[in-house]
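*Asks:* Contents of input_19.txt (compact mmCIF, C-alpha atoms) are given next:
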```txt
# COMPACT_ATOMS: atom_id res chain seq x y z
CA MET A 6 103.98 -16.29 -25.85
CA ALA A 7 102.71 -17.55 -29.20
CA ILE A 8 99.15 -17.57 -30.40
CA SER A 9 97.73 -21.08 -30.60
CA TYR A 10 96.41 -21.81 -34.09
CA ASN A 11 95.02 -25.36 -34.15
CA SER A 12 96.09 -25.33 -37.85
CA SER A 13 93.68 -22.54 -38.67
CA LEU A 14 93.88 -18.76 -38.50
CA GLN A 15 90.16 -18.67 -37.74
CA LYS A 16 90.76 -20.39 -34.39
CA ALA A 17 93.49 -18.00 -33.24
CA THR A 18 92.63 -15.58 -30.47
CA PHE A 19 93.71 -12.33 -28.88
CA PHE A 20 93.16 -11.31 -25.28
CA LEU A 21 91.68 -7.91 -24.49
CA THR A 22 92.70 -5.92 -21.41
CA GLY A 23 90.63 -4.26 -18.71
CA PHE A 24 92.17 -2.37 -15.81
CA GLN A 25 95.04 -4.68 -14.88
CA GLY A 26 95.53 -5.14 -11.15
CA LEU A 27 92.00 -3.93 -10.50
CA GLU A 28 90.13 -7.04 -11.66
CA ASP A 29 88.33 -7.31 -8.31
CA LEU A 30 86.94 -3.81 -8.87
CA HIS A 31 85.76 -4.36 -12.45
CA GLY A 32 82.15 -4.55 -11.28
CA TRP A 33 82.42 -1.10 -9.73
CA ILE A 34 84.46 0.30 -12.63
CA SER A 35 81.71 -0.87 -14.98
CA ILE A 36 79.25 1.57 -13.35
CA PRO A 37 80.78 4.78 -14.83
CA PHE A 38 81.30 3.02 -18.16
CA CYS A 39 77.65 1.89 -18.23
CA SER A 40 76.62 5.46 -17.39
CA ILE A 41 78.75 6.81 -20.23
CA TYR A 42 77.38 4.30 -22.75
CA LEU A 43 73.81 4.96 -21.63
CA THR A 44 74.33 8.73 -21.89
CA VAL A 45 75.88 8.38 -25.36
CA ILE A 46 73.00 6.24 -26.63
CA LEU A 47 70.24 8.37 -25.10
CA GLY A 48 71.91 11.67 -26.05
CA ASN A 49 72.47 10.80 -29.69
CA LEU A 50 69.06 9.14 -30.06
CA THR A 51 67.48 12.30 -28.61
CA ILE A 52 69.28 14.47 -31.18
CA LEU A 53 68.16 12.14 -33.99
CA HIS A 54 64.57 12.04 -32.73
CA ILE A 55 64.31 15.83 -32.43
CA ILE A 56 65.73 16.42 -35.92
CA ARG A 57 63.48 13.74 -37.43
CA THR A 58 60.23 14.90 -35.81
CA ASP A 59 60.65 18.68 -36.05
CA ALA A 60 60.12 19.94 -39.61
CA THR A 61 61.75 23.31 -38.79
CA LEU A 62 65.05 21.46 -38.27
CA HIS A 63 65.02 19.85 -41.73
CA GLU A 64 67.92 22.03 -42.86
CA PRO A 65 71.49 21.21 -43.99
CA MET A 66 73.09 22.10 -40.63
CA TYR A 67 70.85 19.66 -38.76
CA TYR A 68 71.13 16.94 -41.39
CA PHE A 69 74.90 16.99 -40.86
CA LEU A 70 74.35 16.97 -37.09
CA ALA A 71 72.16 13.87 -37.54
CA MET A 72 75.03 12.23 -39.49
CA LEU A 73 77.39 13.05 -36.63
CA ALA A 74 74.98 11.57 -34.07
CA LEU A 75 74.59 8.38 -36.15
CA THR A 76 78.37 8.01 -36.44
CA ASP A 77 78.85 8.56 -32.70
CA LEU A 78 76.15 5.98 -32.00
CA GLY A 79 77.89 3.49 -34.27
CA LEU A 80 81.27 4.06 -32.58
CA CYS A 81 79.68 3.54 -29.18
CA LEU A 82 78.00 0.29 -30.21
CA SER A 83 81.23 -0.98 -31.82
CA THR A 84 83.10 -1.02 -28.50
CA LEU A 85 80.25 -1.67 -26.04
CA PRO A 86 80.13 -5.52 -26.26
CA THR A 87 83.83 -6.11 -25.54
CA VAL A 88 84.20 -3.37 -22.90
CA LEU A 89 81.21 -4.47 -20.84
CA GLY A 90 82.04 -8.13 -21.53
CA ILE A 91 85.37 -7.67 -19.76
CA PHE A 92 83.90 -5.78 -16.80
CA TRP A 93 80.87 -8.02 -16.26
CA PHE A 94 81.96 -11.50 -17.36
CA ASP A 95 85.79 -11.26 -17.62
CA ALA A 96 85.32 -12.22 -21.29
CA ARG A 97 88.79 -11.23 -22.47
CA GLU A 98 89.22 -13.72 -25.31
CA ILE A 99 88.27 -12.60 -28.82
CA GLY A 100 88.69 -14.55 -32.05
CA ILE A 101 90.62 -13.04 -34.93
CA PRO A 102 87.57 -12.74 -37.27
CA ALA A 103 85.57 -10.93 -34.55
CA CYS A 104 88.58 -8.75 -33.70
CA PHE A 105 89.17 -7.74 -37.32
CA THR A 106 85.45 -7.02 -37.79
CA GLN A 107 85.45 -4.75 -34.74
CA LEU A 108 88.64 -3.08 -35.98
CA PHE A 109 87.02 -2.41 -39.37
CA PHE A 110 83.97 -0.70 -37.86
CA ILE A 111 85.93 1.34 -35.31
CA HIS A 112 88.38 2.73 -37.86
CA THR A 113 85.76 3.20 -40.59
CA LEU A 114 83.43 5.14 -38.30
CA SER A 115 86.33 7.25 -37.03
CA LEU A 116 87.12 8.30 -40.60
CA VAL A 117 83.42 8.88 -41.30
CA GLU A 118 83.32 11.23 -38.31
CA SER A 119 86.28 13.17 -39.71
CA SER A 120 84.44 13.47 -43.06
CA VAL A 121 81.22 14.59 -41.39
CA LEU A 122 83.11 17.28 -39.45
CA LEU A 123 84.54 18.49 -42.78
CA SER A 124 81.02 18.57 -44.28
CA MET A 125 79.83 20.59 -41.29
CA SER A 126 82.64 23.09 -41.80
CA VAL A 127 81.57 23.42 -45.45
CA ASP A 128 78.03 24.07 -44.20
CA ARG A 129 79.29 26.85 -41.91
CA TYR A 130 81.44 28.31 -44.71
CA VAL A 131 78.53 28.51 -47.16
CA ALA A 132 76.13 29.85 -44.47
CA ILE A 133 78.48 32.69 -43.49
CA CYS A 134 80.41 33.46 -46.68
CA ASN A 135 77.65 32.82 -49.26
CA PRO A 136 74.35 33.02 -47.34
CA LEU A 137 72.26 33.85 -50.43
CA ARG A 138 73.36 30.62 -52.13
CA TYR A 139 73.02 28.44 -49.01
CA SER A 140 69.84 26.59 -50.00
CA SER A 141 70.89 26.22 -53.64
CA VAL A 142 74.38 24.88 -52.82
CA LEU A 143 73.47 22.49 -49.99
CA THR A 144 70.46 20.77 -51.53
CA PRO A 145 69.10 17.53 -49.99
CA THR A 146 70.48 15.53 -52.93
CA ARG A 147 73.95 17.01 -52.49
CA ILE A 148 73.86 16.39 -48.74
CA ILE A 149 72.97 12.72 -49.32
CA LYS A 150 75.84 12.42 -51.82
CA MET A 151 78.25 13.98 -49.30
CA GLY A 152 77.13 11.53 -46.62
CA LEU A 153 77.39 8.49 -48.90
CA SER A 154 80.79 9.56 -50.21
CA SER A 155 82.05 9.91 -46.61
CA VAL A 156 80.97 6.34 -45.80
CA LEU A 157 82.25 4.93 -49.10
CA ARG A 158 85.64 6.64 -48.86
CA SER A 159 86.17 5.49 -45.27
CA ALA A 160 85.03 1.90 -45.86
CA LEU A 161 87.14 1.42 -49.00
CA LEU A 162 90.28 2.79 -47.33
CA ILE A 163 89.87 0.67 -44.20
CA LEU A 164 88.79 -2.53 -45.98
CA PRO A 165 92.38 -3.62 -46.85
CA LEU A 166 93.51 -3.45 -43.19
CA PRO A 167 91.95 -6.75 -42.02
CA PHE A 168 93.42 -8.51 -45.09
CA LEU A 169 96.85 -6.99 -44.47
CA LEU A 170 96.69 -8.21 -40.87
CA LYS A 171 95.33 -11.64 -41.84
CA ARG A 172 98.49 -12.53 -43.80
CA PHE A 173 100.62 -12.30 -40.63
CA GLN A 174 101.50 -15.00 -38.14
CA TYR A 175 101.37 -13.72 -34.56
CA CYS A 176 104.14 -15.20 -32.44
CA ARG A 177 104.54 -12.44 -29.85
CA SER A 178 102.42 -11.73 -26.80
CA HIS A 179 98.80 -11.85 -27.88
CA VAL A 180 97.54 -9.61 -25.06
CA LEU A 181 96.18 -6.29 -26.37
CA ALA A 182 96.46 -3.11 -24.32
CA HIS A 183 92.84 -2.12 -24.88
CA ALA A 184 89.36 -3.51 -24.39
CA TYR A 185 88.85 -3.53 -28.19
CA CYS A 186 90.89 -4.13 -31.34
CA LEU A 187 92.90 -1.36 -33.02
CA HIS A 188 95.12 -1.72 -36.10
CA LEU A 189 98.23 -0.03 -34.72
CA GLU A 190 98.42 -2.39 -31.78
CA ILE A 191 97.59 -5.66 -33.54
CA MET A 192 100.18 -5.21 -36.27
CA LYS A 193 102.93 -4.87 -33.62
CA LEU A 194 102.23 -8.46 -32.52
CA ALA A 195 103.20 -9.87 -35.94
CA CYS A 196 106.37 -11.94 -36.39
CA SER A 197 107.24 -10.60 -39.85
CA SER A 198 107.86 -7.13 -41.26
CA ILE A 199 104.99 -4.67 -40.82
CA ILE A 200 106.37 -1.97 -43.12
CA VAL A 201 103.46 -2.33 -45.59
CA ASN A 202 100.94 -1.85 -42.78
CA HIS A 203 102.85 1.15 -41.46
CA VAL A 204 103.03 2.83 -44.86
CA TYR A 205 99.41 2.08 -45.75
CA GLY A 206 98.23 3.25 -42.30
CA LEU A 207 100.06 6.56 -42.73
CA PHE A 208 98.66 6.88 -46.27
CA VAL A 209 95.08 6.40 -44.97
CA VAL A 210 95.55 8.94 -42.18
CA ALA A 211 97.11 11.48 -44.58
CA CYS A 212 94.33 11.02 -47.18
CA THR A 213 91.52 11.34 -44.67
CA VAL A 214 92.24 12.96 -41.33
CA GLY A 215 95.16 14.97 -42.74
CA VAL A 216 93.23 16.35 -45.73
CA ASP A 217 90.03 16.84 -43.70
CA SER A 218 91.75 18.79 -40.92
CA LEU A 219 93.58 20.96 -43.46
CA LEU A 220 90.33 21.78 -45.30
CA ILE A 221 88.53 22.47 -42.00
CA PHE A 222 91.32 24.89 -41.06
CA LEU A 223 91.10 26.54 -44.50
CA SER A 224 87.31 26.90 -44.25
CA TYR A 225 87.61 28.62 -40.88
CA ALA A 226 90.34 30.91 -42.18
CA LEU A 227 87.92 32.03 -44.93
CA ILE A 228 85.07 32.28 -42.40
CA LEU A 229 87.21 34.45 -40.13
CA ARG A 230 88.16 36.71 -43.02
CA THR A 231 84.48 37.15 -43.91
CA VAL A 232 83.45 37.76 -40.29
CA LEU A 233 86.16 40.40 -39.77
CA SER A 234 84.86 42.27 -42.82
CA ILE A 235 81.42 42.66 -41.18
CA ALA A 236 80.99 46.19 -39.87
CA SER A 237 78.66 45.43 -36.96
CA HIS A 238 80.33 43.99 -33.87
CA GLN A 239 77.08 42.29 -32.84
CA GLU A 240 76.70 40.65 -36.26
CA ARG A 241 80.29 39.39 -36.04
CA LEU A 242 79.62 37.73 -32.70
CA ARG A 243 76.38 36.22 -33.97
CA ALA A 244 78.15 34.73 -37.00
CA LEU A 245 80.96 33.29 -34.88
CA ASN A 246 78.50 31.94 -32.33
CA THR A 247 77.00 29.64 -34.99
CA CYS A 248 80.44 27.99 -35.31
CA ILE A 249 81.23 27.36 -31.64
CA SER A 250 79.48 23.98 -31.42
CA HIS A 251 81.27 22.72 -34.52
CA ILE A 252 84.66 24.00 -33.32
CA CYS A 253 84.12 22.13 -30.03
CA ALA A 254 83.22 18.95 -31.94
CA VAL A 255 86.38 19.28 -34.07
CA LEU A 256 88.59 19.71 -30.98
CA LEU A 257 86.87 16.83 -29.16
CA PHE A 258 87.62 14.56 -32.11
CA TYR A 259 91.12 15.56 -33.24
CA ILE A 260 92.87 16.17 -29.90
CA PRO A 261 92.22 12.64 -28.48
CA MET A 262 93.04 11.11 -31.89
CA ILE A 263 96.43 12.85 -32.00
CA GLY A 264 97.06 11.92 -28.35
CA LEU A 265 96.29 8.23 -28.96
CA SER A 266 98.48 8.14 -32.09
CA LEU A 267 101.42 9.62 -30.15
CA VAL A 268 100.95 7.14 -27.31
CA HIS A 269 100.87 4.21 -29.78
CA ARG A 270 103.93 5.30 -31.73
CA PHE A 271 106.17 6.73 -29.00
CA GLY A 272 104.72 5.55 -25.69
CA GLU A 273 105.65 1.87 -25.60
CA HIS A 274 107.40 2.44 -22.25
CA LEU A 275 104.24 3.91 -20.68
CA PRO A 276 102.06 1.77 -18.37
CA ARG A 277 99.24 -0.17 -20.04
CA ILE A 278 96.65 1.84 -18.15
CA VAL A 279 97.77 4.99 -20.02
CA HIS A 280 97.09 3.29 -23.37
CA LEU A 281 93.74 2.07 -22.09
CA LEU A 282 92.66 5.48 -20.78
CA MET A 283 93.76 7.27 -23.96
CA SER A 284 91.81 4.85 -26.15
CA CYS A 285 88.74 5.31 -23.92
CA VAL A 286 89.03 9.09 -24.22
CA TYR A 287 89.43 8.84 -28.01
CA LEU A 288 86.41 6.57 -28.57
CA LEU A 289 84.03 7.63 -25.80
CA VAL A 290 84.53 11.35 -25.14
CA PRO A 291 83.44 12.70 -28.58
CA PRO A 292 80.20 10.60 -28.70
CA LEU A 293 79.52 11.58 -25.08
CA MET A 294 80.20 15.29 -25.40
CA ASN A 295 78.89 16.10 -28.88
CA PRO A 296 75.17 15.83 -27.96
CA ILE A 297 75.83 17.82 -24.77
CA VAL A 298 77.71 20.57 -26.62
CA TYR A 299 75.08 20.86 -29.36
CA SER A 300 72.24 20.78 -26.82
CA ILE A 301 73.79 23.63 -24.84
CA LYS A 302 75.20 25.81 -27.63
CA THR A 303 72.55 25.34 -30.34
CA LYS A 304 69.47 27.34 -29.40
CA GLN A 305 67.05 25.46 -31.66
CA ILE A 306 68.10 22.03 -30.32
CA ARG A 307 68.02 23.27 -26.73
CA GLN A 308 64.52 24.71 -27.12
CA ARG A 309 63.17 21.48 -28.65
CA ILE A 310 64.66 19.37 -25.85
CA VAL A 311 63.11 21.67 -23.22
CA LYS A 312 59.75 21.43 -24.99
CA LYS A 313 59.96 17.62 -25.03
CA PHE A 314 60.61 17.53 -21.29
CA GLU A 315 57.80 20.00 -20.63
CA PHE A 316 55.44 17.88 -22.72
CA VAL A 317 56.39 14.69 -20.84
CA LYS A 318 56.00 16.51 -17.52
CA SER A 319 52.55 17.80 -18.49
CA LEU A 320 51.48 14.27 -19.49
CA LYS A 321 52.52 12.94 -16.09
CA CYS A 322 50.60 15.72 -14.31
CA PHE A 323 47.52 14.99 -16.48
CA GLN A 324 47.69 11.26 -15.61
CA LYS A 325 47.86 12.08 -11.88
CA ASP A 326 44.81 14.33 -12.15
```
What's the structure tokens form of this structure?
*Replies:*
Amino acid sequence: MAISYNSSLQKATFFLTGFQGLEDLHGWISIPFCSIYLTVILGNLTILHIIRTDATLHEPMYYFLAMLALTDLGLCLSTLPTVLGIFWFDAREIGIPACFTQLFFIHTLSLVESSVLLSMSVDRYVAICNPLRYSSVLTPTRIIKMGLSSVLRSALLILPLPFLLKRFQYCRSHVLAHAYCLHLEIMKLACSSIIVNHVYGLFVVACTVGVDSLLIFLSYALILRTVLSIASHQERLRALNTCISHICAVLLFYIPMIGLSLVHRFGEHLPRIVHLLMSCVYLLVPPLMNPIVYSIKTKQIRQRIVKKFEFVKSLKCFQKD
């Protein structure tokens, strides 16, 4: 099936996919998705609010956590309109400009998250391996520069993708396997050679996710070497315990990303629902779980959340009295 152009690329459309064969149940399926989106938004906004309002949390570790929460919030909001549009209104059609815009934000924010996770590993490395220089190395100015460089690097590397896709004519099936637009899938619908997109896509992944994951691994190797040199068993455990939340965040991000990449490249024979579920796991599980993990495993965050709830509860009791 060929895309209809009406003599203009701007009028061409793709069709997004919900759960095929279960269209009659989309209203019910939307309930868990709405719950996930609501939890992601409330969870990350809670983390941001606590860090912003509590002066004792104005430290490098929590600044990086705020960056992670902002990135997760952005990823959530990038996919929310099309996902809920399909479930609630069966709005499957999306124009190419809107699709490419969504693609840009999804991929940019994914790379930003990888950069933020690297920054957080640097924070843990300095805190454990050079604790006396912690405040002098990770100054507010340097943290802002790290955050801006993460956004700038990601945006500049992803910016060519929409233009590389725009030069194609799409004469194959224009039905996407997901409820949002992803580069790997769209380029497969092109009529002409996609070798440039393939090579550039691999280059971007190698320069960002590849380098970031390697540096994260290296930082933890150095952290482990430092921790093993500590004489006290209790001090070792305490040092490692400060890294657990970050390690969980790294695994929550990289494992679904690798799984989705493998499904895209080698799983063309798999049912569409597998592609859909893997993309949902990749884009929704990290933003959903990161606030939960940090709330449970980070004592300072957990205590502030408990205090907020206690304060709200006391206000309600006071109003009743």
*Asks:* Residues within 12 Å of (79.6, 11.4, -40.6), file coordinates, counting all atoms listed in the file: what are they? Give the list as a short mmCIF file (atom, residue, chain, number, x, y, z; two decimals) with C-alpha atoms, in the frame of the given file.
*Replies:*
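Printed below is part24.cif as written:
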```cif
data_model
loop_
_atom_site.label_atom_id
_atom_site.label_comp_id
_atom_site.auth_asym_id
_atom_site.auth_seq_id
_atom_site.Cartn_x
_atom_site.Cartn_y
_atom_site.Cartn_z
CA TYR A 68 71.13 16.94 -41.39
CA PHE A 69 74.90 16.99 -40.86
CA LEU A 70 74.35 16.97 -37.09
CA ALA A 71 72.16 13.87 -37.54
CA MET A 72 75.03 12.23 -39.49
CA LEU A 73 77.39 13.05 -36.63
CA ALA A 74 74.98 11.57 -34.07
CA LEU A 75 74.59 8.38 -36.15
CA THR A 76 78.37 8.01 -36.44
CA ASP A 77 78.85 8.56 -32.70
CA LEU A 78 76.15 5.98 -32.00
CA GLY A 79 77.89 3.49 -34.27
CA LEU A 80 81.27 4.06 -32.58
CA THR A 113 85.76 3.20 -40.59
CA LEU A 114 83.43 5.14 -38.30
CA SER A 115 86.33 7.25 -37.03
CA LEU A 116 87.12 8.30 -40.60
CA VAL A 117 83.42 8.88 -41.30
CA GLU A 118 83.32 11.23 -38.31
CA SER A 119 86.28 13.17 -39.71
CA SER A 120 84.44 13.47 -43.06
CA VAL A 121 81.22 14.59 -41.39
CA LEU A 122 83.11 17.28 -39.45
CA LEU A 123 84.54 18.49 -42.78
CA SER A 124 81.02 18.57 -44.28
CA MET A 125 79.83 20.59 -41.29
CA ILE A 148 73.86 16.39 -48.74
CA ILE A 149 72.97 12.72 -49.32
CA LYS A 150 75.84 12.42 -51.82
CA MET A 151 78.25 13.98 -49.30
CA GLY A 152 77.13 11.53 -46.62
CA LEU A 153 77.39 8.49 -48.90
CA SER A 154 80.79 9.56 -50.21
CA SER A 155 82.05 9.91 -46.61
CA VAL A 156 80.97 6.34 -45.80
CA LEU A 157 82.25 4.93 -49.10
CA ARG A 158 85.64 6.64 -48.86
CA SER A 159 86.17 5.49 -45.27
CA PRO A 292 80.20 10.60 -28.70
#
```
*Asks:* With all atoms listed in the file as the atoms that count, which of A:Ala96, A:Leu265, A:Ala244, A:Ile200 lies nearest to Val232 (chain A)?
*Replies:* A:Ala244
*Asks:* So that I can check the surroundings of Pro37 (chain A), please list as a VMD selection string every protein, DNA and RNA residue that reaches within 12 Å of it, counting only C-alpha atoms and ignoring chain neighbours fewer than 4 positions away.
*Replies:* chain A and resid 31 to 33 41 to 44 88 to 89 92 289
*Asks:* At what distance in Å, to one decimal, does CA of Ser126 (chain A) lie from CA of Cys81 (chain A)?
*Replies:*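 Computed distance, CA of Cys81 (chain A) to CA of Ser126 (chain A), equals 23.5 Å.
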*Asks:* Hey, what's within 12 Å of Cys134 (chain A) if we count only C-alpha atoms and toss same-chain stuff fewer than 6 positions away? As a list of chain:residue names, please?
*Replies:*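 The neighbour list is A:Ser126, A:Val127, A:Asp128, A:Ser224, A:Tyr225, A:Ala226, A:Leu227, A:Ile228, A:Leu229, A:Arg230, A:Thr231, A:Val232, A:Leu233, A:Ser234, A:Ile235, A:Ala244, A:Leu245.
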*Asks:* Taking 5 positions as the minimum chain separation for residues in the same chain, which residues sit within 7 Å of region 21-23 of chain A when counting all atoms listed in the file? Answer as a PyMOL selection string.
*Replies:* chain A and resi 91+97-98+180-185
*Asks:* Measuring atom to atom with only C-alpha atoms, identify which of A:Ser197, A:Gln25, A:Thr18, A:Asn49 is nearest to Leu293 (chain A).
*Replies:*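 Answer, going by the shortest atom-to-atom distance: A:Asn49.
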*Asks:* Point out the residue among A:Leu169, A:Cys248, A:Met262, A:Ile36 with the least atom-to-atom distance to Val214 (chain A), counting all atoms listed in the file.
*Replies:*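 Ranked by minimum distance to Val214 (chain A), first place goes to A:Met262.
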*Asks:* What separation in Å, quoted to one decimal, exists between CA of Pro291 (chain A) and CA of Ala60 (chain A)?
*Replies:*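 CA of Ala60 (chain A) lies at a distance of 26.8 Å from CA of Pro291 (chain A).
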*Asks:* Of the candidates A:Glu28, A:Leu189, A:Ile46, A:Ser250, which one gets nearest to Ile306 (chain A) if we count only C-alpha atoms?
*Replies:* A:Ser250
